Amino acid sequence: KVRSMLDISFPPKEEDTSNGVAPKLGVEASIEHELKYRVSANNTDARPVKLYQSVAWSVHDRLVDAFDQTQAYWKEKDPKHIYYLSAEFLMGRTLTNAVNNLDLGGEYAEALKKYGADLETVATGELDAALGNGGLGRLAACFLDSMASLDLPGWGYGIRYRYGMFKQGVKDGLQVELPDYWLDNGNPWEIRRPETQFKVGFYGSLEDGKWVPGEEVIAEAYDVPIPGYKTKTCGNLRLWDALAPEEFDLEAFNAGDYSKAVEQKRRADGITAVLYPNDATEEGKELRLKQQFFFVSASLQDTIARYLEQHKDLAGLPDKACFQMNDTHPTIAVAELMRLLIDEHGLSYDDAWAITTKCVAYTNHTVMPEALEKWPVRVLAKLLPRHMQLIEQINSNWLDSITGHVTAKVEAELAASDAEKQKKADAAAEERKAALVAAEAKGEEALAAAKKMVSEEEAAEEKPADKATLVEEKLKTYSIIQENQWTKGEMLVNMAYLAVVGSFAVNGVAAIHSEIIKTDIFPHFVEIFPERFQNKTNGVTLRRWLAYCNPELSALITEALGTDEWVRDATLLAKLKPFAEDAAFRARWREVKQQKKKALAERIREQTGYQVSTEPMYDIHVKRIHEYKRQYMNAISLIHRYKVLKEMTPEQRAKAVPRVVVFGGKAASAYYMAKKIVALILSIGETVNNDPEIGDLLKVVFLPNYNVSEAELIIPAAEISQHISTAGTEASGTSNMKFALNGALIIGTLDGANIEIGENTGFENLFIFGVKADEINKLREDRKNFSDYDPRYTAALQMVSSGVFGRPEYFEDLVASITDMNRGNDWFLLANDFASYMDAQDAIDELYRDQEEWTRRSIIYTASNGFFSSDRTIDQYAREIWNVWRLEGSDYQRH
Ligand code: TH1
């Protein structure tokens with residue numbers, strides 16, 4: 001611990017322990033107080049953002065009360081805690097969630113009347129906290145909500161990036177990236193903790209086995225209270241900021257070299273400056289590793305320090321702490337926990353290993369090879385020499401521990417093949433012997449020639465495999481440290497392997513994904529510890545993703561069920577099923593959808609200028625832009641749709657089913673093809689939306705800057721949503737769950753959580769198409785001489801190449817990526833799935849003509865998918881991995 005000079009003990013108080021403002025003032029008075037004193041705006045010029053700030057600070061004070069009480073209670077009861085280590089937390093806005101989770105919605109609505117405002121409008125004054133890329137970061141945020149709502153003692157640990165996910169703009173038909181300075185207006189949701197600081201070292205060398213860092217920064221904590229839903233439990237998200245040592249050490253600063261201090265500050269600032277904008281792709285930059293180590297080290301030091309306040313013996317740590325690693329990004333935790341236990345707390349290697357492997361668990365979120373983190377030994381050894389040494393030791397112990405297993409495997413394989421080979425070799429040897437005897441009889445010259453021939457033959461002969469070599473080769477496939485298959489000679493640390501070896505549990509995020517990681521990614525680890533591998537199907541919080549983003553639908557559900565308990569217990573949604581058969585209920589369900597479509601149409605007009613009708617089907621495709629997610633295939637299908645509409649007679653057009661197709665999603669700034677996909681969608685929209693012959697029959701909209709808040713607006717308006725990744729590539733997907741819960745039908749492949757949504761909803765109610773995951777490898781092989789293109793597909797691509805949508809040269813390599821054997825060769829198999837995709841699209845049009853049946857299905861979706869509540873997911877983690885329990889036997893939890 002760096003600083004404890006703030007060890008002031010507060011005199012015990014009778015009532016609250018807060019700053020004394022909130023509990024004494026009612027909601028209305030506190031807003032007024034904040035408006036006047038904190039944001040300094042008098043009532044008359046309370047511009048929306050100032051009103052937002054005042055309301056937020058007023059809520060903040062109430063949050064702090066709940067937070068302090070919970071944390072004090074947990075400290076007293078000392079239950080096992082779960083620490084969710086994640087490089088990303090995609091929180092979005094906080095106000096609406098906090099007010100409603102604290103059950104203060106009514107009071108704030110009432111108080112705001114005075115300002116002629118409603119909470120919904122005021123809430124738009126808040127900037128999204130976008131400290132994450134996409135699904136993985138949002139999952140972490142949903143998990144925090146569920147942990148608190150289930151009264152589980154849990155904290156999130158991450159990085160307080162000063163710039164979150166970039167803001168996406170559109171300029172000249174292309175994506176542009178703008179900085180996301182989300183702290184611009186201050187942040188009422190965080191509490192700075194200058195009293196909680198830890199040193200984190202980098203670089204340097206090992207001197208007598210001891211690490212002497214060459215650079216040090218200070219990690220300073222910021223706490224973000226996480227209110228549970230209608231419970232007093234308020235969890236914590238602790239985010240770390242980096243300070244230069246001179247920033248806190250005033251004396252050294254004054255005595256020292258000013259410019260050196262400034263340089264140190266610049267370097268420290270760099271660590272927490274910006275979130276890497278890559279979703280499910282790796283960028284092996286040293287700064288990224290620095291970020292990972294920075295937050296992991298601070299979090300582990302913090303946890304150990306708090307543990308030691310109450311316990312002496314670190315052997316008990318596994319009974320009090322579990323670290324869940326959100327993908328491999330925090331995997332250096334395995335080495336850092338070892339280092340802290342051994343170097344800082346004097347434990348033996350073996351004791352430290354026993355503790356570490358009882359405390360750490362790992363969630364895998366992807367099987368995409370380009371996302372699996374592998375750090376060059378060279379980089380790790382330079383940045384973290386002691387950790388590299390520990391990883392080498394971990395690896396060598398690991399390989400020693402399995403040598404017996406591997407040897408037995410090799411022996412079994414050899415026994416089968418060697419007997420055969422040996423027989424052949426013996427026969428050949430006999431022949432050669434005979435040849436020599438015969439040559440000897442013929443004289444010196446013949447003998448010499450025969451000897452030469454024999455020795456050549458012997459040299460060329462296949463040697464019976466040498467067991468030791470085979471064992472060595474096989475062991476390499478288990479090794480955490482491996483040779484780079486592209487850059488020979490470079491050694492890499494496979495972080496996923498380190499995570500598996502260092503964890504007591506490893507899980508995937510949907511049923512199919514958890515199977516694929518066992519068969520394709522970690523099969524050799526499954527041999528050794530089959531019991532370590534689990535599935536935990538993802539989930540989403542129904543608070544944010546249904547109750548709060550769709551209050552109209554929620555009111556209808558609550559009315560039908562006669563209770564709002566479904567917000568807490570999502571299984572109750574199943575009771576909606578009979579209402580699908582009620583025509584009057586269906587009409588009201590449709591009315592809500594219509595209302596949400598109207599709100600989205602308004603947003604589309606604001607953001608793009610396009611006027612879209614609310615009559616057509618709203619078809620939504622929102623997620624990060626990626627080749628594997630196949631927005632490109634959707635775009636090609638829309639070109640075909642456009643072409644068909646153009647070729648129709650007016651009578652035919654009158655019968656066509658109109659659609660508004662909305663895309664949203666960011667392309668990583670360095671992801672070349674993804675940016676071209678965005679450009680293609682924008683270009684298609686430009687042509688189609690301005691074609692007077694088409695009118696309302698088809699609109700193609702790219703809504704810029706898709707983020708959590710946009711999603712809250714878009715998802716409730718969806719009638720159909722697209723989840724069309726190449727089978728086997730999308731680990732789970734989570735927006736599919738949000739759409740289903742909001743009554744949007746799904747068109748999708750048999751991939752990720754789509755499969756389980758199908759099982760819950762009934763596959764007959766989804767529009768499923770495409771090849772299956774287990775066919776992919778063979779199909780990719782076959783593509784080497786593939787020629788079976790659907791004529792609609794070819795014609796659509798032809799339109800791109802011939803410039804119907806402008807810039808044909810710009811799109812040339814995008815087209816080539818799916819048509820040219822040497823330039824991508826359609827790795828994600830768009831051509832294979834196109835025809836069945838179009839069939840599914842036709843079925844959608846057909847069903848939409850029958851609005852009663854469509855609405856019936858929509859209700860069935862909401863009723864069937866309570867399983868995908870993150871409360872269920874977290875309950876499973878708690879029971880099956882973490883072994884943590886809600887604090888029971890107290891009336892403290894519930895209001
Ligand atoms: C996503 C997966 O792609 C998605 O299928 C899944 O639903 C989600 O995680 C939550 O489990 C991933 N996001 C990332 C981001 C990075 C690296 C790997 C993944 S996998 C930076």
# chains A, B, ... in the order shown; residues from 1 in each chain; ligands from 1
call {"tool": "residues_near_ligand", "arguments": {"ligand": "ligand 1", "cutoff": "6 Å", "atoms": "only C-alpha atoms and all ligand atoms", "output": "JSON, numbers by chain"}}
result
{"A": [135, 136, 139, 278, 279, 280, 281, 365, 366, 371, 509, 730, 731, 732, 733, 734]}
call {"tool": "write_last_selection", "arguments": {"atoms": "N, CA and C atoms", "output": "compact mmCIF listing (two decimals), in the first residue's frame"}}
result
# COMPACT_ATOMS: atom_id res chain seq x y z
N GLY A 135 -19.62 -7.17 -27.15
CA GLY A 135 -20.27 -8.18 -26.32
C GLY A 135 -19.52 -8.53 -25.04
N LEU A 136 -18.20 -8.66 -25.16
CA LEU A 136 -17.43 -9.08 -23.99
C LEU A 136 -17.49 -8.04 -22.87
N LEU A 139 -21.08 -7.84 -21.47
CA LEU A 139 -21.35 -8.99 -20.61
C LEU A 139 -20.85 -8.71 -19.19
N ASN A 278 -10.14 -2.98 -30.69
CA ASN A 278 -10.26 -4.24 -31.43
C ASN A 278 -11.21 -5.18 -30.72
N ASP A 279 -12.21 -5.63 -31.44
CA ASP A 279 -13.13 -6.61 -30.88
C ASP A 279 -12.79 -7.95 -31.49
N ALA A 280 -12.44 -8.90 -30.64
CA ALA A 280 -12.15 -10.26 -31.11
C ALA A 280 -11.07 -10.30 -32.19
N THR A 281 -10.16 -9.34 -32.15
CA THR A 281 -8.92 -9.46 -32.93
C THR A 281 -7.79 -8.92 -32.06
N HIS A 365 -13.84 -16.61 -24.65
CA HIS A 365 -14.94 -15.98 -25.40
C HIS A 365 -14.81 -16.11 -26.90
N THR A 366 -13.77 -16.76 -27.37
CA THR A 366 -13.63 -16.83 -28.83
C THR A 366 -12.71 -17.97 -29.24
N ALA A 371 -7.72 -13.87 -32.50
CA ALA A 371 -8.04 -13.21 -31.23
C ALA A 371 -7.32 -13.87 -30.06
N VAL A 509 -18.94 -19.83 -23.39
CA VAL A 509 -20.03 -18.89 -23.12
C VAL A 509 -21.36 -19.26 -23.78
N GLU A 730 -19.12 -17.42 -33.96
CA GLU A 730 -19.62 -16.51 -32.92
C GLU A 730 -19.77 -17.33 -31.64
N ALA A 731 -18.92 -17.04 -30.66
CA ALA A 731 -18.93 -17.86 -29.46
C ALA A 731 -20.34 -17.94 -28.86
N SER A 732 -20.96 -16.80 -28.69
CA SER A 732 -22.31 -16.80 -28.13
C SER A 732 -23.18 -15.78 -28.85
N GLY A 733 -22.77 -14.50 -28.76
CA GLY A 733 -23.67 -13.42 -29.13
C GLY A 733 -24.54 -13.15 -27.91
N THR A 734 -24.83 -11.88 -27.66
CA THR A 734 -25.72 -11.55 -26.55
C THR A 734 -26.84 -10.64 -27.00
call {"tool": "residues_around", "arguments": {"residues": "Met388 (chain A)", "least_positions_apart": "2", "cutoff": "10 Å", "atoms": "only C-alpha atoms", "output": "list in words"}}
result
Ile332, Ala335, Val377, Arg378, Val379, Leu380, Ala381, Lys382, Leu383, Leu384, Pro385, Arg386, Leu390, Ile391, Glu392, Gln393, Ile394 and Val493 of chain A
call {"tool": "atom_distance", "arguments": {"atom1": "CA of Ala499 (chain A)", "atom2": "CA of Gln324 (chain A)"}}
result
10.7 Å
call {"tool": "residues_around", "arguments": {"residues": "Ala574 (chain A)", "least_positions_apart": "6", "cutoff": "8 Å", "atoms": "only C-alpha atoms", "output": "MDAnalysis selection string"}}
result
chainID A and resid 863:866
call {"tool": "write_last_selection", "arguments": {"atoms": "C-alpha atoms", "output": "JSON list (two decimals), in the first residue's frame"}}
result
[["chain", "number", "residue", "atom", "x", "y", "z"],
["A", 863, "ALA", "CA", -42.22, -15.59, -23.15],
["A", 864, "SER", "CA", -39.62, -18.23, -24.05],
["A", 865, "ASN", "CA", -36.32, -16.56, -23.34],
["A", 866, "GLY", "CA", -36.22, -15.79, -19.62]]
call {"tool": "residues_around", "arguments": {"residues": "Gly158 (chain A)", "least_positions_apart": "2", "cutoff": "8 Å", "atoms": "only C-alpha atoms", "output": "list in words"}}
result
Leu85, Ser86, Ala87, Glu88, Phe89, Gly156, Arg160, Leu237, Arg238, Leu239, Trp240, Phe295 and Val296 of chain A
call {"tool": "residues_around", "arguments": {"residues": "region 407-412 of chain A", "least_positions_apart": "2", "cutoff": "12 Å", "atoms": "only C-alpha atoms", "output": "ChimeraX atom specification"}}
result
/A:399-405,414-419,465-475,524,527-528
call {"tool": "write_last_selection", "arguments": {"atoms": "C-alpha atoms", "output": "PDB file, in the first residue's frame"}}
result
ATOM      1  CA  LEU A 399       5.377 -30.366 -18.936  1.00  0.00           C
ATOM      2  CA  ASP A 400       7.108 -32.528 -16.302  1.00  0.00           C
ATOM      3  CA  SER A 401       3.762 -33.369 -14.791  1.00  0.00           C
ATOM      4  CA  ILE A 402       2.383 -34.662 -18.076  1.00  0.00           C
ATOM      5  CA  THR A 403       5.473 -36.350 -19.498  1.00  0.00           C
ATOM      6  CA  GLY A 404       4.263 -39.698 -18.175  1.00  0.00           C
ATOM      7  CA  HIS A 405       0.896 -39.238 -19.833  1.00  0.00           C
ATOM      8  CA  LEU A 414       4.241 -46.596 -31.567  1.00  0.00           C
ATOM      9  CA  ALA A 415       3.123 -50.051 -30.567  1.00  0.00           C
ATOM     10  CA  ALA A 416       0.609 -49.919 -33.352  1.00  0.00           C
ATOM     11  CA  SER A 417       2.746 -48.517 -36.159  1.00  0.00           C
ATOM     12  CA  ASP A 418       6.214 -49.704 -35.161  1.00  0.00           C
ATOM     13  CA  ALA A 419       5.563 -53.408 -35.256  1.00  0.00           C
ATOM     14  CA  ALA A 465      10.569 -43.548 -34.916  1.00  0.00           C
ATOM     15  CA  ASP A 466      12.633 -42.608 -31.955  1.00  0.00           C
ATOM     16  CA  LYS A 467      10.411 -42.511 -28.917  1.00  0.00           C
ATOM     17  CA  ALA A 468      12.247 -39.716 -27.201  1.00  0.00           C
ATOM     18  CA  THR A 469      11.901 -37.475 -30.249  1.00  0.00           C
ATOM     19  CA  LEU A 470       8.226 -38.250 -30.570  1.00  0.00           C
ATOM     20  CA  VAL A 471       7.566 -37.487 -26.921  1.00  0.00           C
ATOM     21  CA  GLU A 472       9.417 -34.225 -27.292  1.00  0.00           C
ATOM     22  CA  GLU A 473       7.389 -33.301 -30.380  1.00  0.00           C
ATOM     23  CA  LYS A 474       4.104 -34.136 -28.717  1.00  0.00           C
ATOM     24  CA  LEU A 475       4.990 -32.274 -25.538  1.00  0.00           C
ATOM     25  CA  HIS A 524      -5.040 -32.081 -25.105  1.00  0.00           C
ATOM     26  CA  GLU A 527      -7.328 -35.283 -21.681  1.00  0.00           C
ATOM     27  CA  ILE A 528      -5.471 -34.201 -18.568  1.00  0.00           C
TER      28      ILE A 528
END
call {"tool": "residues_around", "arguments": {"residues": "region 801-816 of chain A", "least_positions_apart": "4", "cutoff": "10 Å", "atoms": "only C-alpha atoms", "output": "PyMOL selection string"}}
result
chain A and resi 632+639+672-677+679-688+795-797+820-826
call {"tool": "residues_around", "arguments": {"residues": "Asn760 (chain A)", "least_positions_apart": "5", "cutoff": "12 Å", "atoms": "only C-alpha atoms", "output": "list in words"}}
result
Thr571, Ala574, Met737, Ala740, Leu741, Ala753, Asn754, Ile755, Asn765, Leu766, Ile860, Tyr861, Thr862, Ala863, Ser864, Asn865, Gly866, Phe867 and Phe868 of chain A
call {"tool": "closest_residue", "arguments": {"among": "A:Thr231, A:Asn236, A:Ser669, A:Asn185", "to": "Ala141 (chain A)", "atoms": "only C-alpha atoms"}}
result
A:Asn236
call {"tool": "atom_distance", "arguments": {"atom1": "CA of Glu420 (chain A)", "atom2": "CA of Leu436 (chain A)"}}
result
25.2 Å
call {"tool": "select_by_dssp", "arguments": {"residues": "region 630-796 of chain A", "states": "strand (DSSP E)", "output": "VMD selection string"}}
result
chain A and resid 659 to 664 698 to 702 720 to 723 745 to 748 767 to 768
call {"tool": "write_last_selection", "arguments": {"atoms": "N, CA and C atoms", "output": "PDB file, in the first residue's frame"}}
result
ATOM      1  N   ARG A 659     -39.487  -2.948 -46.390  1.00  0.00           N
ATOM      2  CA  ARG A 659     -38.573  -3.094 -45.240  1.00  0.00           C
ATOM      3  C   ARG A 659     -37.737  -1.843 -45.016  1.00  0.00           C
ATOM      4  N   VAL A 660     -37.501  -1.579 -43.744  1.00  0.00           N
ATOM      5  CA  VAL A 660     -36.447  -0.641 -43.359  1.00  0.00           C
ATOM      6  C   VAL A 660     -35.344  -1.507 -42.753  1.00  0.00           C
ATOM      7  N   VAL A 661     -34.189  -1.489 -43.390  1.00  0.00           N
ATOM      8  CA  VAL A 661     -33.080  -2.303 -42.892  1.00  0.00           C
ATOM      9  C   VAL A 661     -32.072  -1.377 -42.216  1.00  0.00           C
ATOM     10  N   VAL A 662     -31.822  -1.621 -40.940  1.00  0.00           N
ATOM     11  CA  VAL A 662     -30.925  -0.750 -40.178  1.00  0.00           C
ATOM     12  C   VAL A 662     -29.662  -1.520 -39.800  1.00  0.00           C
ATOM     13  N   PHE A 663     -28.535  -0.974 -40.185  1.00  0.00           N
ATOM     14  CA  PHE A 663     -27.238  -1.498 -39.755  1.00  0.00           C
ATOM     15  C   PHE A 663     -26.642  -0.550 -38.721  1.00  0.00           C
ATOM     16  N   GLY A 664     -25.881  -1.109 -37.817  1.00  0.00           N
ATOM     17  CA  GLY A 664     -25.103  -0.285 -36.904  1.00  0.00           C
ATOM     18  C   GLY A 664     -23.919  -1.096 -36.440  1.00  0.00           C
ATOM     19  N   LEU A 698     -38.026  -0.105 -49.798  1.00  0.00           N
ATOM     20  CA  LEU A 698     -36.757  -0.506 -49.189  1.00  0.00           C
ATOM     21  C   LEU A 698     -35.968   0.728 -48.774  1.00  0.00           C
ATOM     22  N   LYS A 699     -35.559   0.711 -47.521  1.00  0.00           N
ATOM     23  CA  LYS A 699     -34.622   1.731 -47.058  1.00  0.00           C
ATOM     24  C   LYS A 699     -33.468   0.993 -46.391  1.00  0.00           C
ATOM     25  N   VAL A 700     -32.262   1.422 -46.714  1.00  0.00           N
ATOM     26  CA  VAL A 700     -31.072   0.812 -46.115  1.00  0.00           C
ATOM     27  C   VAL A 700     -30.341   1.895 -45.334  1.00  0.00           C
ATOM     28  N   VAL A 701     -30.348   1.749 -44.018  1.00  0.00           N
ATOM     29  CA  VAL A 701     -29.835   2.813 -43.161  1.00  0.00           C
ATOM     30  C   VAL A 701     -28.614   2.323 -42.391  1.00  0.00           C
ATOM     31  N   PHE A 702     -27.555   3.106 -42.432  1.00  0.00           N
ATOM     32  CA  PHE A 702     -26.440   2.848 -41.513  1.00  0.00           C
ATOM     33  C   PHE A 702     -26.497   3.911 -40.430  1.00  0.00           C
ATOM     34  N   ILE A 720     -37.418  -7.942 -36.877  1.00  0.00           N
ATOM     35  CA  ILE A 720     -36.556  -9.088 -37.173  1.00  0.00           C
ATOM     36  C   ILE A 720     -35.131  -8.647 -36.874  1.00  0.00           C
ATOM     37  N   SER A 721     -34.322  -9.528 -36.344  1.00  0.00           N
ATOM     38  CA  SER A 721     -32.928  -9.178 -36.098  1.00  0.00           C
ATOM     39  C   SER A 721     -32.025 -10.265 -36.662  1.00  0.00           C
ATOM     40  N   GLN A 722     -30.849  -9.852 -37.098  1.00  0.00           N
ATOM     41  CA  GLN A 722     -29.966 -10.748 -37.854  1.00  0.00           C
ATOM     42  C   GLN A 722     -28.744 -11.174 -37.026  1.00  0.00           C
ATOM     43  N   HIS A 723     -28.512 -12.494 -36.982  1.00  0.00           N
ATOM     44  CA  HIS A 723     -27.382 -13.079 -36.239  1.00  0.00           C
ATOM     45  C   HIS A 723     -26.832 -14.199 -37.109  1.00  0.00           C
ATOM     46  N   LEU A 745     -38.133 -11.240 -33.928  1.00  0.00           N
ATOM     47  CA  LEU A 745     -37.853 -12.574 -34.441  1.00  0.00           C
ATOM     48  C   LEU A 745     -36.403 -12.632 -34.923  1.00  0.00           C
ATOM     49  N   ILE A 746     -35.879 -13.841 -35.008  1.00  0.00           N
ATOM     50  CA  ILE A 746     -34.464 -13.993 -35.341  1.00  0.00           C
ATOM     51  C   ILE A 746     -34.278 -14.713 -36.664  1.00  0.00           C
ATOM     52  N   ILE A 747     -33.442 -14.123 -37.519  1.00  0.00           N
ATOM     53  CA  ILE A 747     -32.901 -14.876 -38.650  1.00  0.00           C
ATOM     54  C   ILE A 747     -31.453 -15.163 -38.279  1.00  0.00           C
ATOM     55  N   GLY A 748     -31.077 -16.429 -38.346  1.00  0.00           N
ATOM     56  CA  GLY A 748     -29.730 -16.729 -37.891  1.00  0.00           C
ATOM     57  C   GLY A 748     -29.238 -18.097 -38.310  1.00  0.00           C
ATOM     58  N   PHE A 767     -35.900 -18.201 -38.052  1.00  0.00           N
ATOM     59  CA  PHE A 767     -35.553 -18.384 -39.465  1.00  0.00           C
ATOM     60  C   PHE A 767     -34.095 -18.825 -39.510  1.00  0.00           C
ATOM     61  N   ILE A 768     -33.930 -20.144 -39.471  1.00  0.00           N
ATOM     62  CA  ILE A 768     -32.585 -20.709 -39.393  1.00  0.00           C
ATOM     63  C   ILE A 768     -32.153 -21.119 -40.802  1.00  0.00           C
TER      64      ILE A 768
END
